[in-house]
Amino acid sequence: MSWEFIKKLLVVIAVIIAVEVFRFFTGFPMTLIDILFTPFSVFLMILGIKQLVSTNKKKRDGDAPYMSHSVLQLSGTLIVFLAVTMLGLWCLSAGLQDPLGFFTGVKGAMHGYTLMCLGSLMVSYSLYFSYRLLVRIKDQSLRARRG
């Protein structure tokens, strides 16, 4: 065992103990999934918002090389985007109805505030990428008509 591994192990143990002490003294409901997924989803949302408002865009949506997809591939992609959006809306609404409620499952449990963060992340990313796909389809169809 190297010293680096021991230091990492001690940091993980210290974080787990700190979270348990915080939860014990404040009574704030928290699980390991909450600790992992809530900051991760908030971080991804911040990165997505920074990308949307960034003025330094090197490539626009229509500048991508021409890609040909069949109707089946495009409809399948849009159906997956729609399904992920619906799942995200369900997570968002369940999290908004009971933010401190405990949702249990087969693989773990989380609270409503984590469901709310994950739901908003799923909805925003799936809507953004479906919008980009539709813009690219529109631009490619216009490009194909021009010749």
# chains A, B, ... in the order shown; residues from 1 in each chain; ligands from 1

$ select_by_dssp --residues "chain A" --states "strand (DSSP E or B)" --output "ChimeraX atom specification"
/A:102-104,109-111

$ write_last_selection --atoms "C-alpha atoms" --output "mmCIF file, in the first residue's frame"
data_model
loop_
_atom_site.group_PDB
_atom_site.id
_atom_site.type_symbol
_atom_site.label_atom_id
_atom_site.label_comp_id
_atom_site.auth_asym_id
_atom_site.auth_seq_id
_atom_site.Cartn_x
_atom_site.Cartn_y
_atom_site.Cartn_z
ATOM 1 C CA PHE A 102 -37.371 9.912 1.259
ATOM 2 C CA PHE A 103 -37.681 7.993 -2.024
ATOM 3 C CA THR A 104 -36.522 4.398 -1.781
ATOM 4 C CA ALA A 109 -32.608 5.816 -1.778
ATOM 5 C CA MET A 110 -32.528 9.562 -2.178
ATOM 6 C CA HIS A 111 -34.426 12.606 -1.054
#

$ residues_around --residues "Cys117 of chain A" --least-positions-apart "3" --cutoff "8 Å" --atoms "only C-alpha atoms" --output "JSON, numbers by chain"
{"A": [38, 41, 42, 92, 113, 114, 120, 121]}

$ select_by_dssp --residues "segment 3-141 of chain A" --states "helix (DSSP H, G or I)" --output "ChimeraX atom specification"
/A:3-26,32-53,61-63,71-97,112-141

$ atom_distance --atom1 "atom CA of Leu89 of chain A" --atom2 "atom CA of Gly119 of chain A"
6.0 Å

$ closest_residue --among "A:Gly101, A:Gly112, A:Val80, A:Gln140" --to "Leu127 of chain A" --atoms "only C-alpha atoms"
A:Val80

$ residues_around --residues "segment 17-30 of chain A" --least-positions-apart "2" --cutoff "8 Å" --atoms "only C-alpha atoms" --output "PDB file with C-alpha atoms, in the first residue's frame"
ATOM      1  CA  ILE A  13     -13.339   8.254   5.800  1.00  0.00           C
ATOM      2  CA  ALA A  14     -13.124  11.826   7.127  1.00  0.00           C
ATOM      3  CA  VAL A  15     -15.783  13.022   4.662  1.00  0.00           C
ATOM      4  CA  LEU A  32     -24.688   8.920   0.118  1.00  0.00           C
ATOM      5  CA  ASP A  34     -27.668  12.724  -2.167  1.00  0.00           C
ATOM      6  CA  ILE A  35     -24.070  13.670  -1.425  1.00  0.00           C
ATOM      7  CA  LEU A 100     -37.347  16.391   2.119  1.00  0.00           C
ATOM      8  CA  MET A 110     -32.528   9.562  -2.178  1.00  0.00           C
ATOM      9  CA  HIS A 111     -34.426  12.606  -1.054  1.00  0.00           C
TER      10      HIS A 111
END

$ atom_distance --atom1 "atom CA of Gln51 of chain A" --atom2 "atom CA of Gln73 of chain A"
27.0 Å

$ atom_distance --atom1 "atom CA of Leu52 of chain A" --atom2 "atom CA of Tyr128 of chain A"
9.5 Å
